[in-house]
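File shown here: model38.cif, holding mmCIF, C-alpha atoms; chains and numbers go by the auth columns.
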```
data_target
loop_
_atom_site.group_PDB
_atom_site.id
_atom_site.type_symbol
_atom_site.label_atom_id
_atom_site.label_comp_id
_atom_site.label_asym_id
_atom_site.label_seq_id
_atom_site.Cartn_x
_atom_site.Cartn_y
_atom_site.Cartn_z
_atom_site.B_iso_or_equiv
_atom_site.auth_seq_id
_atom_site.auth_asym_id
ATOM 1 C CA PHE A 1 143.235 -91.343 19.421 0.00 34 Y
ATOM 2 C CA LEU A 2 144.271 -88.911 16.738 0.00 35 Y
ATOM 3 C CA LEU A 3 147.594 -88.926 14.911 0.00 36 Y
ATOM 4 C CA ASP A 4 148.329 -85.610 13.204 0.00 37 Y
ATOM 5 C CA ILE A 5 151.332 -85.425 10.852 0.00 38 Y
ATOM 6 C CA LYS A 6 152.311 -82.100 9.331 0.00 39 Y
ATOM 7 C CA MET A 7 154.802 -82.641 6.552 0.00 40 Y
ATOM 8 C CA SER A 8 156.385 -79.239 7.063 0.00 41 Y
ATOM 9 C CA SER A 9 157.293 -79.982 10.710 0.00 42 Y
ATOM 10 C CA PHE A 10 160.403 -82.043 9.990 0.00 43 Y
ATOM 11 C CA VAL A 11 162.905 -82.748 7.241 0.00 44 Y
ATOM 12 C CA ARG A 12 164.569 -86.144 7.138 0.00 45 Y
ATOM 13 C CA SER A 13 167.543 -86.839 4.908 0.00 46 Y
ATOM 14 C CA SER A 14 167.001 -89.728 2.543 0.00 47 Y
ATOM 15 C CA LYS A 15 169.567 -92.080 1.083 0.00 48 Y
ATOM 16 C CA TYR A 16 167.330 -92.334 -1.967 0.00 49 Y
ATOM 17 C CA ARG A 17 167.382 -88.601 -2.645 0.00 50 Y
ATOM 18 C CA HIS A 18 169.772 -88.845 -5.596 0.00 51 Y
ATOM 19 C CA VAL A 19 168.620 -92.200 -6.953 0.00 52 Y
ATOM 20 C CA PHE A 20 167.088 -92.066 -10.408 0.00 53 Y
ATOM 21 C CA ALA A 21 165.173 -94.758 -12.259 0.00 54 Y
ATOM 22 C CA ASP A 22 165.841 -95.728 -15.852 0.00 55 Y
ATOM 23 C CA ALA A 23 163.137 -94.737 -18.295 0.00 56 Y
ATOM 24 C CA PRO A 24 161.023 -97.757 -19.295 0.00 57 Y
ATOM 25 C CA LYS A 25 161.484 -99.242 -22.722 0.00 58 Y
ATOM 26 C CA ALA A 26 158.982 -98.193 -25.351 0.00 59 Y
ATOM 27 C CA ASP A 27 157.571 -101.710 -25.629 0.00 60 Y
ATOM 28 C CA ASN A 28 156.797 -101.674 -21.884 0.00 61 Y
ATOM 29 C CA THR A 29 154.718 -98.497 -22.000 0.00 62 Y
ATOM 30 C CA PHE A 30 151.241 -97.583 -23.216 0.00 63 Y
ATOM 31 C CA SER A 31 151.499 -94.669 -25.633 0.00 64 Y
ATOM 32 C CA ASN A 32 149.440 -92.755 -28.184 0.00 65 Y
ATOM 33 C CA LEU A 33 146.448 -92.396 -25.858 0.00 66 Y
ATOM 34 C CA ARG A 34 144.605 -89.106 -26.451 0.00 67 Y
ATOM 35 C CA LEU A 35 143.712 -88.462 -22.817 0.00 68 Y
ATOM 36 C CA SER A 36 140.659 -86.497 -21.769 0.00 69 Y
ATOM 37 C CA THR A 37 141.271 -82.993 -20.402 0.00 70 Y
ATOM 38 C CA VAL A 38 138.380 -83.166 -17.909 0.00 71 Y
ATOM 39 C CA THR A 39 139.516 -82.296 -14.374 0.00 72 Y
ATOM 40 C CA GLY A 40 138.077 -82.946 -10.911 0.00 73 Y
ATOM 41 C CA ASP A 41 138.625 -84.743 -7.595 0.00 74 Y
ATOM 42 C CA GLN A 42 138.145 -88.219 -9.063 0.00 75 Y
ATOM 43 C CA SER A 43 140.768 -90.783 -10.125 0.00 76 Y
ATOM 44 C CA TYR A 44 141.774 -90.379 -13.756 0.00 77 Y
ATOM 45 C CA ILE A 45 142.810 -93.999 -14.261 0.00 78 Y
ATOM 46 C CA LYS A 46 141.767 -97.277 -12.627 0.00 79 Y
ATOM 47 C CA SER A 47 142.877 -100.873 -13.023 0.00 80 Y
ATOM 48 C CA ASN A 48 142.063 -104.418 -12.059 0.00 81 Y
ATOM 49 C CA GLY A 49 144.063 -107.588 -12.671 0.00 82 Y
ATOM 50 C CA LYS A 50 143.422 -107.616 -16.442 0.00 83 Y
ATOM 51 C CA TYR A 51 142.674 -104.120 -17.701 0.00 84 Y
ATOM 52 C CA PHE A 52 143.081 -100.435 -17.013 0.00 85 Y
ATOM 53 C CA ALA A 53 140.500 -97.801 -17.881 0.00 86 Y
ATOM 54 C CA VAL A 54 141.181 -94.168 -18.760 0.00 87 Y
ATOM 55 C CA ALA A 55 139.017 -91.399 -20.210 0.00 88 Y
ATOM 56 C CA VAL A 56 140.033 -90.254 -23.694 0.00 89 Y
ATOM 57 C CA GLN A 57 139.095 -87.402 -25.980 0.00 90 Y
ATOM 58 C CA GLY A 58 136.061 -87.558 -28.222 0.00 91 Y
ATOM 59 C CA GLY A 59 132.320 -87.107 -28.355 0.00 92 Y
ATOM 60 C CA GLY A 60 130.010 -89.092 -26.122 0.00 93 Y
ATOM 61 C CA GLY A 61 132.340 -89.303 -23.140 0.00 94 Y
ATOM 62 C CA PRO A 62 134.527 -92.164 -24.388 0.00 95 Y
ATOM 63 C CA PHE A 63 136.923 -94.131 -22.229 0.00 96 Y
ATOM 64 C CA ALA A 64 139.427 -96.789 -23.201 0.00 97 Y
ATOM 65 C CA ILE A 65 139.769 -100.220 -21.608 0.00 98 Y
ATOM 66 C CA VAL A 66 143.248 -101.546 -22.323 0.00 99 Y
ATOM 67 C CA ASN A 67 144.683 -105.024 -21.680 0.00 100 Y
ATOM 68 C CA LEU A 68 147.497 -104.812 -19.139 0.00 101 Y
ATOM 69 C CA ASP A 69 149.466 -107.527 -20.940 0.00 102 Y
ATOM 70 C CA LYS A 70 149.482 -105.653 -24.274 0.00 103 Y
ATOM 71 C CA PRO A 71 151.668 -102.564 -23.857 0.00 104 Y
ATOM 72 C CA GLY A 72 152.951 -100.527 -26.771 0.00 105 Y
ATOM 73 C CA LYS A 73 151.687 -97.812 -29.064 0.00 106 Y
ATOM 74 C CA MET A 74 147.916 -97.738 -29.107 0.00 107 Y
ATOM 75 C CA ALA A 75 146.173 -97.646 -32.492 0.00 108 Y
ATOM 76 C CA SER A 76 144.653 -94.328 -33.528 0.00 109 Y
ATOM 77 C CA ASP A 77 141.304 -96.120 -33.895 0.00 110 Y
ATOM 78 C CA LEU A 78 141.523 -97.810 -30.484 0.00 111 Y
ATOM 79 C CA PRO A 79 138.094 -99.247 -29.531 0.00 112 Y
ATOM 80 C CA VAL A 80 136.429 -97.364 -26.695 0.00 113 Y
ATOM 81 C CA VAL A 81 133.350 -97.484 -24.488 0.00 114 Y
ATOM 82 C CA GLN A 82 131.110 -94.778 -25.904 0.00 115 Y
ATOM 83 C CA GLY A 83 127.590 -94.675 -24.523 0.00 116 Y
ATOM 84 C CA HIS A 84 127.300 -91.434 -22.572 0.00 117 Y
ATOM 85 C CA SER A 85 126.202 -88.105 -23.990 0.00 118 Y
ATOM 86 C CA SER A 86 128.799 -86.107 -22.048 0.00 119 Y
ATOM 87 C CA ALA A 87 132.195 -86.523 -20.404 0.00 120 Y
ATOM 88 C CA VAL A 88 132.903 -89.547 -18.186 0.00 121 Y
ATOM 89 C CA LEU A 89 134.085 -88.359 -14.764 0.00 122 Y
ATOM 90 C CA ASP A 90 134.779 -91.638 -12.972 0.00 123 Y
ATOM 91 C CA PHE A 91 134.649 -95.408 -13.394 0.00 124 Y
ATOM 92 C CA ASP A 92 135.130 -98.445 -11.181 0.00 125 Y
ATOM 93 C CA PHE A 93 135.801 -102.119 -11.888 0.00 126 Y
ATOM 94 C CA ASN A 94 133.600 -104.640 -10.126 0.00 127 Y
ATOM 95 C CA PRO A 95 135.945 -106.453 -7.672 0.00 128 Y
ATOM 96 C CA PHE A 96 133.984 -109.696 -8.186 0.00 129 Y
ATOM 97 C CA HIS A 97 133.881 -109.624 -12.003 0.00 130 Y
ATOM 98 C CA ASP A 98 137.010 -108.719 -13.980 0.00 131 Y
ATOM 99 C CA HIS A 99 134.877 -108.075 -17.058 0.00 132 Y
ATOM 100 C CA MET A 100 132.475 -105.573 -15.512 0.00 133 Y
ATOM 101 C CA ILE A 101 132.995 -101.826 -15.126 0.00 134 Y
ATOM 102 C CA ALA A 102 130.699 -98.944 -14.175 0.00 135 Y
ATOM 103 C CA SER A 103 131.012 -95.378 -15.453 0.00 136 Y
ATOM 104 C CA ALA A 104 129.739 -92.030 -14.147 0.00 137 Y
ATOM 105 C CA SER A 105 129.147 -89.047 -16.362 0.00 138 Y
ATOM 106 C CA ASP A 106 128.425 -85.371 -16.616 0.00 139 Y
ATOM 107 C CA ASP A 107 125.154 -86.466 -18.274 0.00 140 Y
ATOM 108 C CA GLN A 108 123.802 -87.411 -14.782 0.00 141 Y
ATOM 109 C CA SER A 109 123.781 -91.163 -15.493 0.00 142 Y
ATOM 110 C CA VAL A 110 125.595 -94.258 -14.263 0.00 143 Y
ATOM 111 C CA LYS A 111 126.115 -97.138 -16.679 0.00 144 Y
ATOM 112 C CA VAL A 112 127.403 -100.660 -16.128 0.00 145 Y
ATOM 113 C CA TRP A 113 129.309 -102.346 -18.962 0.00 146 Y
ATOM 114 C CA GLY A 114 130.353 -105.891 -19.807 0.00 147 Y
ATOM 115 C CA ILE A 115 133.857 -106.218 -21.236 0.00 148 Y
ATOM 116 C CA PRO A 116 134.153 -108.987 -23.848 0.00 149 Y
ATOM 117 C CA ASP A 117 136.663 -111.788 -23.253 0.00 150 Y
ATOM 118 C CA GLY A 118 140.060 -110.612 -24.471 0.00 151 Y
ATOM 119 C CA GLY A 119 139.104 -106.931 -24.266 0.00 152 Y
ATOM 120 C CA LEU A 120 137.420 -104.541 -26.676 0.00 153 Y
ATOM 121 C CA LYS A 121 137.550 -105.401 -30.365 0.00 154 Y
ATOM 122 C CA SER A 122 135.101 -102.663 -31.406 0.00 155 Y
ATOM 123 C CA ASN A 123 133.395 -99.680 -29.795 0.00 156 Y
ATOM 124 C CA LEU A 124 131.071 -100.657 -26.949 0.00 157 Y
ATOM 125 C CA VAL A 125 127.880 -98.584 -27.027 0.00 158 Y
ATOM 126 C CA GLU A 126 125.220 -100.669 -25.270 0.00 159 Y
ATOM 127 C CA PRO A 127 125.482 -100.899 -21.453 0.00 160 Y
ATOM 128 C CA LEU A 128 124.264 -103.816 -19.390 0.00 161 Y
ATOM 129 C CA VAL A 129 122.475 -101.418 -17.047 0.00 162 Y
ATOM 130 C CA ASP A 130 121.574 -97.718 -17.280 0.00 163 Y
ATOM 131 C CA LEU A 131 121.003 -96.148 -13.843 0.00 164 Y
ATOM 132 C CA ARG A 132 119.292 -92.763 -13.612 0.00 165 Y
ATOM 133 C CA GLY A 133 118.184 -90.809 -10.560 0.00 166 Y
ATOM 134 C CA HIS A 134 120.732 -88.068 -9.937 0.00 167 Y
ATOM 135 C CA ASN A 135 119.816 -84.497 -10.861 0.00 168 Y
ATOM 136 C CA ARG A 136 123.336 -83.270 -11.598 0.00 169 Y
ATOM 137 C CA LYS A 137 126.626 -84.745 -12.815 0.00 170 Y
ATOM 138 C CA VAL A 138 127.809 -87.982 -11.199 0.00 171 Y
ATOM 139 C CA THR A 139 131.349 -87.571 -9.868 0.00 172 Y
ATOM 140 C CA PHE A 140 132.346 -90.754 -8.003 0.00 173 Y
ATOM 141 C CA LEU A 141 131.637 -94.494 -8.134 0.00 174 Y
ATOM 142 C CA LYS A 142 132.585 -97.231 -5.663 0.00 175 Y
ATOM 143 C CA PHE A 143 131.558 -100.885 -5.850 0.00 176 Y
ATOM 144 C CA HIS A 144 130.680 -102.554 -2.556 0.00 177 Y
ATOM 145 C CA PRO A 145 133.596 -104.589 -1.124 0.00 178 Y
ATOM 146 C CA THR A 146 131.531 -107.677 -0.184 0.00 179 Y
ATOM 147 C CA ALA A 147 128.289 -107.536 -2.204 0.00 180 Y
ATOM 148 C CA SER A 148 128.842 -107.985 -5.931 0.00 181 Y
ATOM 149 C CA ASN A 149 125.592 -106.310 -6.963 0.00 182 Y
ATOM 150 C CA VAL A 150 125.847 -103.066 -4.955 0.00 183 Y
ATOM 151 C CA LEU A 151 127.302 -99.839 -6.350 0.00 184 Y
ATOM 152 C CA ALA A 152 127.586 -96.423 -4.682 0.00 185 Y
ATOM 153 C CA SER A 153 127.440 -93.195 -6.662 0.00 186 Y
ATOM 154 C CA VAL A 154 128.123 -89.589 -5.658 0.00 187 Y
ATOM 155 C CA SER A 155 126.674 -86.597 -7.467 0.00 188 Y
ATOM 156 C CA ALA A 156 126.961 -82.835 -7.579 0.00 189 Y
ATOM 157 C CA ASP A 157 123.330 -82.843 -6.376 0.00 190 Y
ATOM 158 C CA HIS A 158 124.899 -83.528 -2.928 0.00 191 Y
ATOM 159 C CA THR A 159 123.528 -87.067 -2.626 0.00 192 Y
ATOM 160 C CA VAL A 160 124.960 -90.569 -2.307 0.00 193 Y
ATOM 161 C CA LYS A 161 122.898 -93.301 -3.935 0.00 194 Y
ATOM 162 C CA LEU A 162 123.236 -97.070 -3.575 0.00 195 Y
ATOM 163 C CA TRP A 163 122.159 -99.194 -6.541 0.00 196 Y
ATOM 164 C CA ASP A 164 121.315 -102.838 -7.102 0.00 197 Y
ATOM 165 C CA ILE A 165 122.922 -103.367 -10.508 0.00 198 Y
ATOM 166 C CA GLU A 166 121.284 -106.780 -10.981 0.00 199 Y
ATOM 167 C CA LYS A 167 117.795 -105.295 -10.704 0.00 200 Y
ATOM 168 C CA GLY A 168 118.791 -101.926 -12.157 0.00 201 Y
ATOM 169 C CA SER A 169 117.145 -100.126 -9.249 0.00 202 Y
ATOM 170 C CA GLU A 170 117.994 -97.652 -6.510 0.00 203 Y
ATOM 171 C CA LEU A 171 118.391 -99.130 -3.016 0.00 204 Y
ATOM 172 C CA ASN A 172 118.503 -95.886 -1.044 0.00 205 Y
ATOM 173 C CA SER A 173 119.657 -92.281 -1.199 0.00 206 Y
ATOM 174 C CA LEU A 174 121.486 -90.157 1.381 0.00 207 Y
ATOM 175 C CA GLY A 175 121.194 -86.378 1.426 0.00 208 Y
ATOM 176 C CA GLY A 176 122.317 -83.949 4.099 0.00 209 Y
ATOM 177 C CA HIS A 177 125.574 -82.787 2.542 0.00 210 Y
ATOM 178 C CA PRO A 178 125.332 -78.990 2.250 0.00 211 Y
ATOM 179 C CA GLU A 179 128.137 -78.735 -0.297 0.00 212 Y
ATOM 180 C CA LEU A 180 129.986 -80.852 -2.869 0.00 213 Y
ATOM 181 C CA ILE A 181 131.054 -84.324 -1.767 0.00 214 Y
ATOM 182 C CA GLN A 182 134.781 -84.767 -2.352 0.00 215 Y
ATOM 183 C CA ASP A 183 135.269 -88.486 -1.711 0.00 216 Y
ATOM 184 C CA LEU A 184 133.558 -91.713 -0.667 0.00 217 Y
ATOM 185 C CA VAL A 185 135.045 -94.953 0.679 0.00 218 Y
ATOM 186 C CA TRP A 186 133.545 -98.195 2.003 0.00 219 Y
ATOM 187 C CA ASP A 187 134.716 -99.747 5.247 0.00 220 Y
ATOM 188 C CA TYR A 188 136.253 -103.225 5.168 0.00 221 Y
ATOM 189 C CA GLU A 189 132.993 -105.163 5.368 0.00 222 Y
ATOM 190 C CA GLY A 190 130.787 -102.656 3.585 0.00 223 Y
ATOM 191 C CA ASN A 191 128.467 -101.954 6.514 0.00 224 Y
ATOM 192 C CA ASN A 192 129.322 -98.269 6.435 0.00 225 Y
ATOM 193 C CA TYR A 193 130.832 -95.733 4.105 0.00 226 Y
ATOM 194 C CA ALA A 194 132.565 -92.440 4.823 0.00 227 Y
ATOM 195 C CA THR A 195 132.334 -89.203 2.864 0.00 228 Y
ATOM 196 C CA SER A 196 134.344 -86.007 2.807 0.00 229 Y
ATOM 197 C CA CYS A 197 132.647 -82.740 1.908 0.00 230 Y
ATOM 198 C CA LYS A 198 133.575 -79.208 0.951 0.00 231 Y
ATOM 199 C CA ASP A 199 132.191 -78.131 4.358 0.00 232 Y
ATOM 200 C CA LYS A 200 135.337 -79.827 5.811 0.00 233 Y
ATOM 201 C CA ASN A 201 133.358 -82.483 7.723 0.00 234 Y
ATOM 202 C CA ILE A 202 133.791 -86.255 7.461 0.00 235 Y
ATOM 203 C CA ARG A 203 130.558 -88.235 7.763 0.00 236 Y
ATOM 204 C CA ILE A 204 130.311 -91.914 8.704 0.00 237 Y
ATOM 205 C CA CYS A 205 127.156 -93.324 7.139 0.00 238 Y
ATOM 206 C CA ASP A 206 125.113 -96.485 7.700 0.00 239 Y
ATOM 207 C CA ALA A 207 124.750 -98.075 4.270 0.00 240 Y
ATOM 208 C CA ARG A 208 121.534 -99.991 5.024 0.00 241 Y
ATOM 209 C CA ASN A 209 119.639 -97.082 6.556 0.00 242 Y
ATOM 210 C CA ALA A 210 121.130 -94.244 4.476 0.00 243 Y
ATOM 211 C CA SER A 211 121.807 -92.273 7.644 0.00 244 Y
ATOM 212 C CA VAL A 212 124.760 -90.367 9.109 0.00 245 Y
ATOM 213 C CA THR A 213 125.838 -92.091 12.326 0.00 246 Y
ATOM 214 C CA SER A 214 128.745 -89.825 13.282 0.00 247 Y
ATOM 215 C CA THR A 215 130.525 -86.707 12.052 0.00 248 Y
ATOM 216 C CA ILE A 216 134.120 -85.548 12.316 0.00 249 Y
ATOM 217 C CA THR A 217 133.835 -81.763 12.355 0.00 250 Y
ATOM 218 C CA THR A 218 136.486 -79.760 10.486 0.00 251 Y
ATOM 219 C CA ALA A 219 138.765 -82.723 9.831 0.00 252 Y
ATOM 220 C CA HIS A 220 141.241 -80.392 8.100 0.00 253 Y
ATOM 221 C CA GLU A 221 141.160 -76.604 8.210 0.00 254 Y
ATOM 222 C CA GLY A 222 142.443 -76.036 4.670 0.00 255 Y
ATOM 223 C CA ALA A 223 140.114 -75.234 1.784 0.00 256 Y
ATOM 224 C CA LYS A 224 141.455 -77.893 -0.590 0.00 257 Y
ATOM 225 C CA SER A 225 139.890 -81.315 -1.162 0.00 258 Y
ATOM 226 C CA THR A 226 140.108 -84.011 1.530 0.00 259 Y
ATOM 227 C CA LYS A 227 140.627 -87.682 0.597 0.00 260 Y
ATOM 228 C CA ILE A 228 139.838 -90.610 2.878 0.00 261 Y
ATOM 229 C CA SER A 229 140.642 -94.315 3.245 0.00 262 Y
ATOM 230 C CA TYR A 230 139.775 -97.035 5.732 0.00 263 Y
ATOM 231 C CA LEU A 231 142.859 -98.868 7.000 0.00 264 Y
ATOM 232 C CA GLY A 232 141.896 -102.425 6.127 0.00 265 Y
ATOM 233 C CA SER A 233 139.971 -104.344 8.787 0.00 266 Y
ATOM 234 C CA LYS A 234 141.123 -101.986 11.540 0.00 267 Y
ATOM 235 C CA ASN A 235 138.532 -99.531 12.803 0.00 268 Y
ATOM 236 C CA LEU A 236 140.702 -96.635 11.675 0.00 269 Y
ATOM 237 C CA LEU A 237 140.160 -93.956 9.066 0.00 270 Y
ATOM 238 C CA LEU A 238 142.935 -92.070 7.272 0.00 271 Y
ATOM 239 C CA THR A 239 142.247 -88.573 5.969 0.00 272 Y
ATOM 240 C CA VAL A 240 144.556 -86.510 3.770 0.00 273 Y
ATOM 241 C CA GLY A 241 143.914 -82.783 3.609 0.00 274 Y
ATOM 242 C CA PHE A 242 145.565 -79.434 4.166 0.00 275 Y
ATOM 243 C CA THR A 243 146.257 -76.952 6.941 0.00 276 Y
ATOM 244 C CA LYS A 244 145.217 -73.301 6.802 0.00 277 Y
ATOM 245 C CA GLN A 245 148.663 -72.624 5.355 0.00 278 Y
ATOM 246 C CA SER A 246 147.977 -75.134 2.512 0.00 279 Y
ATOM 247 C CA MET A 247 150.493 -77.642 3.842 0.00 280 Y
ATOM 248 C CA ARG A 248 149.667 -81.324 3.260 0.00 281 Y
ATOM 249 C CA GLN A 249 148.303 -82.996 6.393 0.00 282 Y
ATOM 250 C CA PHE A 250 147.589 -86.626 7.299 0.00 283 Y
ATOM 251 C CA LYS A 251 145.323 -87.690 10.172 0.00 284 Y
ATOM 252 C CA ILE A 252 144.317 -91.122 11.483 0.00 285 Y
ATOM 253 C CA TRP A 253 141.002 -91.320 13.306 0.00 286 Y
ATOM 254 C CA ASP A 254 139.729 -94.020 15.664 0.00 287 Y
#
```

For the structure just supplied, provide its representation as C-alpha cells.
Amino acid sequence: FLLDIKMSSFVRSSKYRHVFADAPKADNTFSNLRLSTVTGDQSYIKSNGKYFAVAVQGGGGPFAIVNLDKPGKMASDLPVVQGHSSAVLDFDFNPFHDHMIASASDDQSVKVWGIPDGGLKSNLVEPLVDLRGHNRKVTFLKFHPTASNVLASVSADHTVKLWDIEKGSELNSLGGHPELIQDLVWDYEGNNYATSCKDKNIRICDARNASVTSTITTAHEGAKSTKISYLGSKNLLLTVGFTKQSMRQFKIWD
C-alpha cells in the first residue's frame, strides 16, 4: 500500500499554537562554537549517548566533539579533530563504540577516529583508519546497524561503497546512480540499504551483492532533495520529498 500525505491538503487547529517555550539558561546551552558554513544534504550535527559532533570553521576540515554533560561557553581554543585537507561534509558515530566516529570530506577520503576517554583534550590529527577509493567528495556516512566493522559511504562520484574498518579495506562498490545520491539508510537488520537520487528514484540495494533489487520510480515529483527512513523492524519505508508545486510530501511504501 501507499500512504500519500500532502501537508497543504488540510489545516488542523492546534491547542499548542500559542504555546511558547522559555529560553534555556546559558549554563544549559553550548555556545561560542564557530560553525562551518559548508552546506549540503547531509546532517550538520550528530550525537550519541556521550558526545555530539559538529563541523567548525578552520583549515583542514575541523570538527568538534563535545561532551554532552559539559554545556556552557566553549573555549576559543576548543580541541578539534583535524586530519582532512578539505571541509568535512558528514560524520557518523559507531553505534557499537561510543568512542569511535567516522568522517567524510571534500578531499575524497573517509577517516575513522578514536575519541579518548573523557573527550578531546588536544587536537586529534591521526585517524585509526584512512579509507580511500572515491573519486569525488564523500557526502554521506552510515555505520551498519548490526555489524560493528561495516561502514557505508556515498560520494559525488555516484557510488556507494561498503568498508571493513577493521581491515581498512573496501568490501564492495555499487554504481548505477545516474545523478547525485541524496540519502542512504540501512534497513533494520542491515541486509539492505535504500538510496534516494536526484533522478527522483528510490533504489533498494542488496548490501552483500552490491546490486539494486528494486526501484521506486519517481517517488516524489518535486525537484528538491528526498530523504528516506526505514520504519524500525517493519518492512516499510518512509520518504519525505516535494510535489511539483514544492509542497512538502510524505509517503510510506510497503

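The interatomic distance for the pair atom CA of Lys231 of chain Y and atom CA of Leu164 of chain Y works out to 25.8 Å.
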
If the PyMOL selection byres ((chain Y and resi 66) around 10) were run on this exact file, what residues would it hold? Put them as a PyMOL selection string. chain Y and resi 63-65+67-69+87-90+97+106-109+111

Please write as a short mmCIF file (atom, residue, chain, number, x, y, z; two decimals) with C-alpha atoms, in the coordinates of the input the full residue list that the PyMOL selection byres ((chain Y and resi 81) around 8) yields on this file.
```
data_model
loop_
_atom_site.label_atom_id
_atom_site.label_comp_id
_atom_site.auth_asym_id
_atom_site.auth_seq_id
_atom_site.Cartn_x
_atom_site.Cartn_y
_atom_site.Cartn_z
CA LYS Y 79 141.77 -97.28 -12.63
CA SER Y 80 142.88 -100.87 -13.02
CA GLY Y 82 144.06 -107.59 -12.67
CA LYS Y 83 143.42 -107.62 -16.44
CA TYR Y 84 142.67 -104.12 -17.70
CA PHE Y 85 143.08 -100.44 -17.01
CA PHE Y 126 135.80 -102.12 -11.89
CA PRO Y 128 135.94 -106.45 -7.67
CA ASP Y 131 137.01 -108.72 -13.98
#
```

Can you list, as a ChimeraX atom specification, every protein, DNA or RNA residue that comes within 8 Å of Val143 of chain Y when you count only C-alpha atoms, leaving out same-chain residues fewer than 2 positions away? /Y:135-138,141,145,163-165,171,186

Please expand the PyMOL selection byres ((chain Y and resi 198) around 10) into the concrete residues it hits in this file, giving the result as a PDB file with C-alpha atoms, in the coordinates of the input.
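As a result, part_31.pdb now contains:
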```pdb
ATOM      1  CA  ALA Y 135     130.699 -98.944 -14.175  1.00  0.00           C
ATOM      2  CA  LYS Y 144     126.115 -97.138 -16.679  1.00  0.00           C
ATOM      3  CA  VAL Y 145     127.403-100.660 -16.128  1.00  0.00           C
ATOM      4  CA  LEU Y 161     124.264-103.816 -19.390  1.00  0.00           C
ATOM      5  CA  VAL Y 162     122.475-101.418 -17.047  1.00  0.00           C
ATOM      6  CA  ASP Y 163     121.574 -97.718 -17.280  1.00  0.00           C
ATOM      7  CA  LEU Y 164     121.003 -96.148 -13.843  1.00  0.00           C
ATOM      8  CA  SER Y 181     128.842-107.985  -5.931  1.00  0.00           C
ATOM      9  CA  ASN Y 182     125.592-106.310  -6.963  1.00  0.00           C
ATOM     10  CA  VAL Y 183     125.847-103.066  -4.955  1.00  0.00           C
ATOM     11  CA  LEU Y 184     127.302 -99.839  -6.350  1.00  0.00           C
ATOM     12  CA  LEU Y 195     123.236 -97.070  -3.575  1.00  0.00           C
ATOM     13  CA  TRP Y 196     122.159 -99.194  -6.541  1.00  0.00           C
ATOM     14  CA  ASP Y 197     121.315-102.838  -7.102  1.00  0.00           C
ATOM     15  CA  GLU Y 199     121.284-106.780 -10.981  1.00  0.00           C
ATOM     16  CA  LYS Y 200     117.795-105.295 -10.704  1.00  0.00           C
ATOM     17  CA  GLY Y 201     118.791-101.926 -12.157  1.00  0.00           C
ATOM     18  CA  SER Y 202     117.145-100.126  -9.249  1.00  0.00           C
ATOM     19  CA  GLU Y 203     117.994 -97.652  -6.510  1.00  0.00           C
ATOM     20  CA  LEU Y 204     118.391 -99.130  -3.016  1.00  0.00           C
TER      21      LEU Y 204
END
```

Gap from atom CA of Ala120 of chain Y to atom CA of Gly92 of chain Y - Å, one decimal: 8.0 Å

Restricting the calculation to all atoms listed in the file: of Y:Asp139, Y:Asp216, Y:Glu254, Y:Asp232, which residue gets closest to Gln278 of chain Y?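 For Gln278 of chain Y, the nearest of the candidates is Y:Glu254.
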
Can you measure atom CA of Val121 of chain Y to atom CA of Phe96 of chain Y for me? One decimal in Å is fine.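 Between atom CA of Val121 of chain Y and atom CA of Phe96 of chain Y the gap works out to 7.3 Å.
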
Fewer than 5 positions away in the same chain doesn't count, so skip those; otherwise give me all residues within 9 Å of Gly147 of chain Y, counting only C-alpha atoms, as a VMD selection string. chain Y and resid 132 to 135 157 160 to 161

In terms of the shortest atom-to-atom distance over all atoms listed in the file, which of Y:Ile285, Y:Ile235, Y:Ala252, Y:Ala180 is closest to Lys267 of chain Y?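 Between Y:Ile285, Y:Ile235, Y:Ala252, Y:Ala180, the residue approaching Lys267 of chain Y most closely is Y:Ile285.
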
In terms of the shortest atom-to-atom distance over all atoms listed in the file, which of Y:Ala185, Y:Val52, Y:Leu101, Y:Val71 is closest to Asn127 of chain Y? Y:Ala185

For segment 58-64 of chain Y, where the input has fewer atoms than it should, I would like N, CA, C and O atoms rebuilt and written as a tab-separated table (two decimals), in the coordinates of the input.
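The result, written out as part07.tsv:
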```
chain	number	residue	atom	x	y	z
Y	58	LYS	N	161.38	-99.04	-21.28
Y	58	LYS	CA	161.48	-99.24	-22.72
Y	58	LYS	C	160.13	-98.98	-23.38
Y	58	LYS	O	159.08	-99.16	-22.79
Y	59	ALA	N	160.20	-98.57	-24.63
Y	59	ALA	CA	158.98	-98.19	-25.35
Y	59	ALA	C	157.98	-99.34	-25.41
Y	59	ALA	O	156.77	-99.12	-25.33
Y	60	ASP	N	158.49	-100.57	-25.52
Y	60	ASP	CA	157.57	-101.71	-25.63
Y	60	ASP	C	157.00	-102.13	-24.28
Y	60	ASP	O	156.21	-103.08	-24.20
Y	61	ASN	N	157.38	-101.42	-23.20
Y	61	ASN	CA	156.80	-101.67	-21.88
Y	61	ASN	C	155.89	-100.54	-21.42
Y	61	ASN	O	155.51	-100.48	-20.26
Y	62	THR	N	155.57	-99.62	-22.33
Y	62	THR	CA	154.72	-98.50	-22.00
Y	62	THR	C	153.46	-98.51	-22.87
Y	62	THR	O	153.42	-99.18	-23.91
Y	63	PHE	N	152.48	-97.75	-22.44
Y	63	PHE	CA	151.24	-97.58	-23.22
Y	63	PHE	C	151.24	-96.15	-23.75
Y	63	PHE	O	151.14	-95.20	-22.97
Y	64	SER	N	151.37	-96.00	-25.04
Y	64	SER	CA	151.50	-94.67	-25.63
Y	64	SER	C	150.42	-94.43	-26.68
Y	64	SER	O	149.66	-95.33	-27.05
```
